[in-house]
Amino acid sequence: MRRYSIFAIAREAMRYHSGWERAWRAPEPKKRYDVIVVGAGGHGLATAYYLGKVHGIKNVAIIEKGWLGGGNSGRNTTIIRSNYLQDASAAIFEKALQLYEGLAKDLNYNVMFSPRGLLMLAQSEHEVRGYKRTVYANALQGIETEWISREQVKDLVPIINIDGPRYPVLGALYQARGGTGRHDAVNWGYARACDAMGMDIIQQCEVTGIRTENGEVRGVDTTKGSIDCGKLAVVVSGHSGVLAEMAGFRMPIESCPLQAWVSEPIKPVIDVVVMANLVHCYISQSDKGELVLGGGIDHPNNYSQRGSWYTLEETTRALVETYPIISRLKMLRQWGGIMDITGDHSPIISKTPVRNMFMDCGWGTGGFKAIPGSGWAMAELVAKGEPGPLAAPFSLERFREGRFIDESVAAGVAH
Amino acid sequence: MQIIPCPYCGVEAEETELTYGHEAHLKRVGPDSDAADFEAYMFTRKNPKGVHFERWRHSNGCGKWFLAARHTVTLEVFGTYPAQTTEPPAELVEKIKAKCPEWKGWK
Ligand SMILES: Cc1cc2nc3c(=O)[nH]c(=O)nc-3n(C[C@H](O)[C@H](O)[C@H](O)COP(=O)(O)OP(=O)(O)OC[C@H]3O[C@@H](n4cnc5c(N)ncnc54)[C@H](O)[C@@H]3O)c2cc1C
Ligand SMILES: [Zn+2]
């Protein structure tokens, strides 16, 4: 892999940019790999990357039915934060945030991580209490967050209407280190680094079956033939139930769509990320000037990557009430991804009933921010066969044992 | 926008008139069941990419719960039926079989 640098740009400028090499190859699958990762989203790619980098396991294939980063990891609104309530979540999201802070350098790829500050508005007494509690919890976890007044909110977000009409802003939970990153760049950066370690990223190749023998995984059947493996890491978000069924078990997951949309580009109007969880809308502005907008999920089970109009309407109504100046903006694009929603709204990083088959899923509406931390924890689980401290609380058994990691109480949403 | 007929009042209700109630035909387990049964009842879901049997409530209408068979990719609604039953009506099952030959059945 040729490194990207200012000298590389200068060198290429002198020769009409003819020397840039492809960021990754398009290899045919080998007969066998030590580890097969299914799903080339951010979490799958990060799992492969840390398997190689931290654990020295490089005979790895990442198998993707579409194109890499074409799932939720290329469809999200890129909010990054680590201000969670429960210790287990705070630990893994904070690990992810810390890795994000050094990721561009680590991958030699500009992931455009932008810690511009993040606010979660409190618009009811319940939310005021909930977010103050989160601030105290974060203090104990060693994660810097603060409670700020409505006047401070107005200072940070001049375009906001803090007086309602329905729900006046009463203050906010603020994390100065939170912000956004560029989703494609995160996927591409990890992919390029995996390829550079000799791993095979095999796109347009769907896993159609999982082969087991005596309760242990042997390999996968794919649209490009059968491939053997020592270990299998399934990292397929909304399709986790489908893959689990291939291996003969069921997951505590339901799949449904989440949408996002962007406005026409305008001059800078908002330089922080603002989430309003009660009226359910969130907003940030991309470097191109588009307002990046989103809200809640559609509840009915749905694998179509399409959401409903009433969700768009509800969220847009909340946005216009909160930021009246955007009322006449035109919207450019709208799209959806398939969520993997678990019973307690927390992720799963776990062994499965099949030996040497592991799953990382259930990130639902909030897994972009977790990509590096999840990959780190999943790689450790796959390499050692046992979870490390980050992954251990997120095992599948917690549903049977009633050991939930309940984040929905605190926020109601989790982007 | 999905349109689903209410089997009680016959209204062709659109989604905002209804409340979704997730997977249908779950068998409720009692207090002396073991942890695995309880987990299966409370959390584990079929979540099929295909034909799904599910509960809906006509909440902004007659207020009653009913059941529906719907495809989770095409979003086609195959039919709805009253909630007072432990399995889908035979003619609905036949209709789905005819439309989706790859379907493995509702259990
Ligand atoms: C609209 C929207 C907004 C969001 N906003 C945010 C946000 O602001 N902040 C945040 O933190 N998170 C957000 N998220 C959530 C975040 O995008 C996801 O949690 C995260 O990207 C999940 O990554 P993943 O790698 O697990 O899954 P994915 O990126 O979905 O990757 C899974 C891959 O598996 C592949 N696959 C599936 N089945 C097979 C098969 N049989 N064979 C081979 N490959 C298969 C898929 O094609 C896919 O590429 C948002 C999501 C959406 C949809
Ligand atoms: Zn009715």
# chains A, B, ... in the order shown; residues from 1 in each chain; ligands from 1
>>> interface_residues(of="chain A", to="chain B", cutoff="10 Å", atoms="only C-alpha atoms", output="tab-separated table (two decimals) with N, CA and C atoms, in the first residue's frame")
chain	number	residue	atom	x	y	z
A	238	GLY	N	-29.10	-5.64	10.01
A	238	GLY	CA	-30.50	-6.03	9.83
A	238	GLY	C	-30.73	-7.45	9.35
A	239	HIS	N	-29.71	-8.09	8.78
A	239	HIS	CA	-29.86	-9.46	8.29
A	239	HIS	C	-29.40	-10.52	9.29
A	240	SER	N	-29.16	-10.12	10.54
A	240	SER	CA	-28.67	-11.08	11.54
A	240	SER	C	-29.62	-12.26	11.72
A	241	GLY	N	-30.92	-11.98	11.70
A	241	GLY	CA	-31.90	-13.06	11.85
A	241	GLY	C	-31.82	-14.06	10.70
A	242	VAL	N	-31.58	-13.54	9.50
A	242	VAL	CA	-31.49	-14.40	8.31
A	242	VAL	C	-30.27	-15.32	8.42
A	244	ALA	N	-28.68	-16.13	11.22
A	244	ALA	CA	-28.86	-17.04	12.37
A	244	ALA	C	-29.73	-18.22	11.95
A	245	GLU	N	-30.75	-17.95	11.14
A	245	GLU	CA	-31.61	-19.03	10.68
A	245	GLU	C	-30.82	-20.05	9.86
A	249	PHE	N	-30.55	-21.13	14.55
A	249	PHE	CA	-31.05	-20.55	15.80
A	249	PHE	C	-31.72	-19.20	15.51
A	250	ARG	N	-32.35	-18.64	16.53
A	250	ARG	CA	-33.05	-17.36	16.38
A	250	ARG	C	-32.46	-16.30	17.27
A	251	MET	N	-32.63	-15.06	16.86
A	251	MET	CA	-32.03	-13.93	17.59
A	251	MET	C	-33.10	-13.08	18.26
A	252	PRO	N	-32.73	-12.38	19.33
A	252	PRO	CA	-33.67	-11.44	19.96
A	252	PRO	C	-33.66	-10.11	19.22
A	253	ILE	N	-33.95	-10.18	17.91
A	253	ILE	CA	-33.81	-9.00	17.05
A	253	ILE	C	-35.01	-8.90	16.12
A	254	GLU	N	-35.45	-7.67	15.87
A	254	GLU	CA	-36.40	-7.42	14.79
A	254	GLU	C	-35.82	-6.36	13.86
A	255	SER	N	-36.14	-6.51	12.57
A	255	SER	CA	-35.58	-5.62	11.54
A	255	SER	C	-36.64	-4.65	11.04
A	256	CYS	N	-36.29	-3.40	11.00
A	256	CYS	CA	-37.23	-2.37	10.53
A	256	CYS	C	-36.43	-1.18	10.00
A	298	ASP	N	-39.42	3.24	11.74
A	298	ASP	CA	-40.75	2.69	11.47
A	298	ASP	C	-40.80	1.36	12.22
A	299	HIS	N	-41.85	1.10	12.97
A	299	HIS	CA	-41.84	-0.11	13.79
A	299	HIS	C	-42.11	-1.43	13.07
A	300	PRO	N	-43.05	-1.48	12.11
A	300	PRO	CA	-43.34	-2.78	11.50
A	300	PRO	C	-42.10	-3.44	10.88
A	301	ASN	N	-41.95	-4.74	11.08
A	301	ASN	CA	-40.83	-5.48	10.49
A	301	ASN	C	-40.76	-5.19	9.00
A	302	ASN	N	-39.55	-4.95	8.50
A	302	ASN	CA	-39.45	-4.48	7.12
A	302	ASN	C	-37.99	-4.60	6.67
A	303	TYR	N	-37.77	-5.32	5.56
A	303	TYR	CA	-36.42	-5.48	5.02
A	303	TYR	C	-36.23	-4.66	3.75
A	304	SER	N	-37.09	-3.69	3.50
A	304	SER	CA	-37.10	-3.08	2.17
A	304	SER	C	-36.21	-1.84	2.03
A	305	GLN	N	-35.56	-1.39	3.09
A	305	GLN	CA	-34.77	-0.16	3.05
A	305	GLN	C	-35.61	1.04	2.63
A	306	ARG	N	-36.91	0.94	2.86
A	306	ARG	CA	-37.79	2.09	2.59
A	306	ARG	C	-38.63	2.34	3.84
A	307	GLY	N	-38.72	3.60	4.24
A	307	GLY	CA	-39.57	3.93	5.38
A	307	GLY	C	-40.86	4.57	4.90
A	308	SER	N	-41.67	5.03	5.86
A	308	SER	CA	-42.98	5.56	5.51
A	308	SER	C	-42.97	7.08	5.46
A	309	TRP	N	-43.97	7.59	4.77
A	309	TRP	CA	-44.08	9.05	4.66
A	309	TRP	C	-44.42	9.70	5.98
A	310	TYR	N	-45.25	9.02	6.80
A	310	TYR	CA	-45.66	9.71	8.03
A	310	TYR	C	-44.49	9.93	8.98
A	311	THR	N	-43.47	9.06	8.92
A	311	THR	CA	-42.29	9.28	9.76
A	311	THR	C	-41.53	10.52	9.27
A	342	THR	N	-32.78	-4.77	19.15
A	342	THR	CA	-32.82	-5.84	20.15
A	342	THR	C	-33.84	-5.51	21.24
A	343	GLY	N	-34.10	-6.50	22.08
A	343	GLY	CA	-35.09	-6.34	23.15
A	343	GLY	C	-34.75	-5.25	24.15
A	344	ASP	N	-33.47	-4.96	24.38
A	344	ASP	CA	-33.13	-3.91	25.34
A	344	ASP	C	-32.43	-2.73	24.67
A	397	GLU	N	-26.61	-14.32	26.14
A	397	GLU	CA	-27.25	-14.91	27.33
A	397	GLU	C	-27.95	-13.88	28.19
A	398	ARG	N	-27.63	-12.60	27.98
A	398	ARG	CA	-28.20	-11.64	28.92
A	398	ARG	C	-29.72	-11.61	28.87
A	399	PHE	N	-30.29	-12.00	27.72
A	399	PHE	CA	-31.75	-11.99	27.62
A	399	PHE	C	-32.35	-13.11	28.46
A	400	ARG	N	-31.68	-14.25	28.45
A	400	ARG	CA	-32.15	-15.37	29.25
A	400	ARG	C	-31.97	-15.07	30.74
A	401	GLU	N	-30.87	-14.40	31.04
A	401	GLU	CA	-30.55	-14.14	32.45
A	401	GLU	C	-31.20	-12.89	33.00
A	402	GLY	N	-31.88	-12.13	32.13
A	402	GLY	CA	-32.52	-10.90	32.61
A	402	GLY	C	-31.51	-9.82	32.99
>>> residues_around(residues="Thr134 of chain A", least_positions_apart="4", cutoff="10 Å", atoms="only C-alpha atoms", output="PDB file with C-alpha atoms, in the first residue's frame")
ATOM      1  CA  ASN A  83     -22.577  10.005  26.667  1.00  0.00           C
ATOM      2  CA  TYR A  84     -24.420   6.786  27.528  1.00  0.00           C
ATOM      3  CA  LEU A  85     -25.994   6.003  30.877  1.00  0.00           C
ATOM      4  CA  GLN A  86     -25.045   2.396  31.599  1.00  0.00           C
ATOM      5  CA  VAL A 128     -34.046  17.271  32.524  1.00  0.00           C
ATOM      6  CA  ARG A 129     -33.822  14.678  35.289  1.00  0.00           C
ATOM      7  CA  GLY A 130     -32.734  11.955  32.872  1.00  0.00           C
ATOM      8  CA  ASN A 138     -20.640  10.015  32.944  1.00  0.00           C
ATOM      9  CA  ALA A 139     -18.629  11.819  35.646  1.00  0.00           C
ATOM     10  CA  LEU A 140     -18.275   8.519  37.499  1.00  0.00           C
ATOM     11  CA  THR A 145     -20.164  15.728  29.637  1.00  0.00           C
ATOM     12  CA  GLU A 146     -22.010  18.671  31.103  1.00  0.00           C
ATOM     13  CA  TRP A 147     -25.476  19.994  31.719  1.00  0.00           C
ATOM     14  CA  LEU A 173     -26.758  17.395  27.821  1.00  0.00           C
ATOM     15  CA  ALA A 410     -32.342   7.460  29.320  1.00  0.00           C
ATOM     16  CA  ALA A 411     -32.790   8.687  25.791  1.00  0.00           C
TER      17      ALA A 411
END
>>> residues_near_ligand(ligand="ligand 2", cutoff="6 Å", atoms="only C-alpha atoms and all ligand atoms", output="JSON list (two decimals) with N, CA, C and O atoms, in the first residue's frame")
[["chain", "number", "residue", "atom", "x", "y", "z"],
["B", 6, "CYS", "N", -59.06, -3.81, 8.30],
["B", 6, "CYS", "CA", -59.41, -4.29, 9.63],
["B", 6, "CYS", "C", -60.49, -5.37, 9.48],
["B", 6, "CYS", "O", -61.53, -5.13, 8.87],
["B", 8, "TYR", "N", -62.50, -6.58, 11.55],
["B", 8, "TYR", "CA", -63.73, -6.37, 12.34],
["B", 8, "TYR", "C", -64.66, -5.38, 11.65],
["B", 8, "TYR", "O", -65.80, -5.66, 11.37],
["B", 9, "CYS", "N", -64.13, -4.17, 11.38],
["B", 9, "CYS", "CA", -65.03, -3.14, 10.83],
["B", 9, "CYS", "C", -64.89, -3.01, 9.33],
["B", 9, "CYS", "O", -65.59, -2.21, 8.72],
["B", 58, "HIS", "N", -56.41, -1.64, 15.62],
["B", 58, "HIS", "CA", -57.08, -0.55, 14.91],
["B", 58, "HIS", "C", -57.31, 0.59, 15.91],
["B", 58, "HIS", "O", -58.44, 0.90, 16.28],
["B", 61, "GLY", "N", -59.57, 3.57, 15.29],
["B", 61, "GLY", "CA", -60.79, 3.09, 14.64],
["B", 61, "GLY", "C", -61.60, 2.34, 15.68],
["B", 61, "GLY", "O", -61.88, 2.86, 16.75],
["B", 62, "CYS", "N", -61.86, 1.05, 15.40],
["B", 62, "CYS", "CA", -62.69, 0.29, 16.33],
["B", 62, "CYS", "C", -61.93, -0.10, 17.61],
["B", 62, "CYS", "O", -62.54, -0.55, 18.58]]
>>> select_by_dssp(residues="segment 13-91 of chain B", states="strand (DSSP E)", output="number ranges by chain")
B: 13-14, 19-23, 51-57, 65-71, 77-82
>>> residues_around(residues="segment 362-371 of chain A", least_positions_apart="3", cutoff="9 Å", atoms="only C-alpha atoms", output="JSON, numbers by chain")
{"A": [42, 43, 44, 45, 46, 47, 72, 73, 76, 77, 78, 79, 80, 81, 82, 92, 93, 94, 95, 96, 97, 100, 180, 181, 183, 186, 237, 238, 240, 252, 253, 255, 258, 296, 297, 338, 339, 340, 341, 342, 345, 346, 347, 348, 349, 374, 375, 376, 413, 414, 415]}
>>> residues_around(residues="Gly70 of chain A", least_positions_apart="3", cutoff="10 Å", atoms="only C-alpha atoms", output="number ranges by chain")
A: 39-42, 64-67, 73-75, 184, 187, 337
>>> closest_residue(among="A:Asn59, A:Thr316, A:Thr208, A:Ser350", to="ligand 1", atoms="only C-alpha atoms and all ligand atoms")
A:Thr208
>>> closest_residue(among="B:Glu87, B:Glu102, B:Glu94, B:Glu76", to="Ala24 of chain B", atoms="only C-alpha atoms")
B:Glu87
>>> closest_residue(among="A:Val38, A:Ala10, A:Met275, A:Cys194", to="ligand 1", atoms="only C-alpha atoms and all ligand atoms")
A:Val38
>>> atom_distance(atom1="atom CA of Ala260 of chain A", atom2="atom CA of Arg57 of chain B")
27.2 Å
>>> atom_distance(atom1="atom CA of Ala392 of chain A", atom2="atom CA of Leu51 of chain A")
17.5 Å
>>> residues_around(residues="Lys104 of chain B", least_positions_apart="3", cutoff="10 Å", atoms="only C-alpha atoms", output="NGL selection string")
:B and (50-51 or 97 or 100-101 or 107)
>>> atom_distance(atom1="atom CA of Arg28 of chain B", atom2="atom CA of Ser408 of chain A")
24.6 Å
>>> closest_residue(among="B:Tyr41, B:Phe78, B:Trp65, B:Trp106", to="Ile4 of chain B", atoms="only C-alpha atoms")
B:Phe78
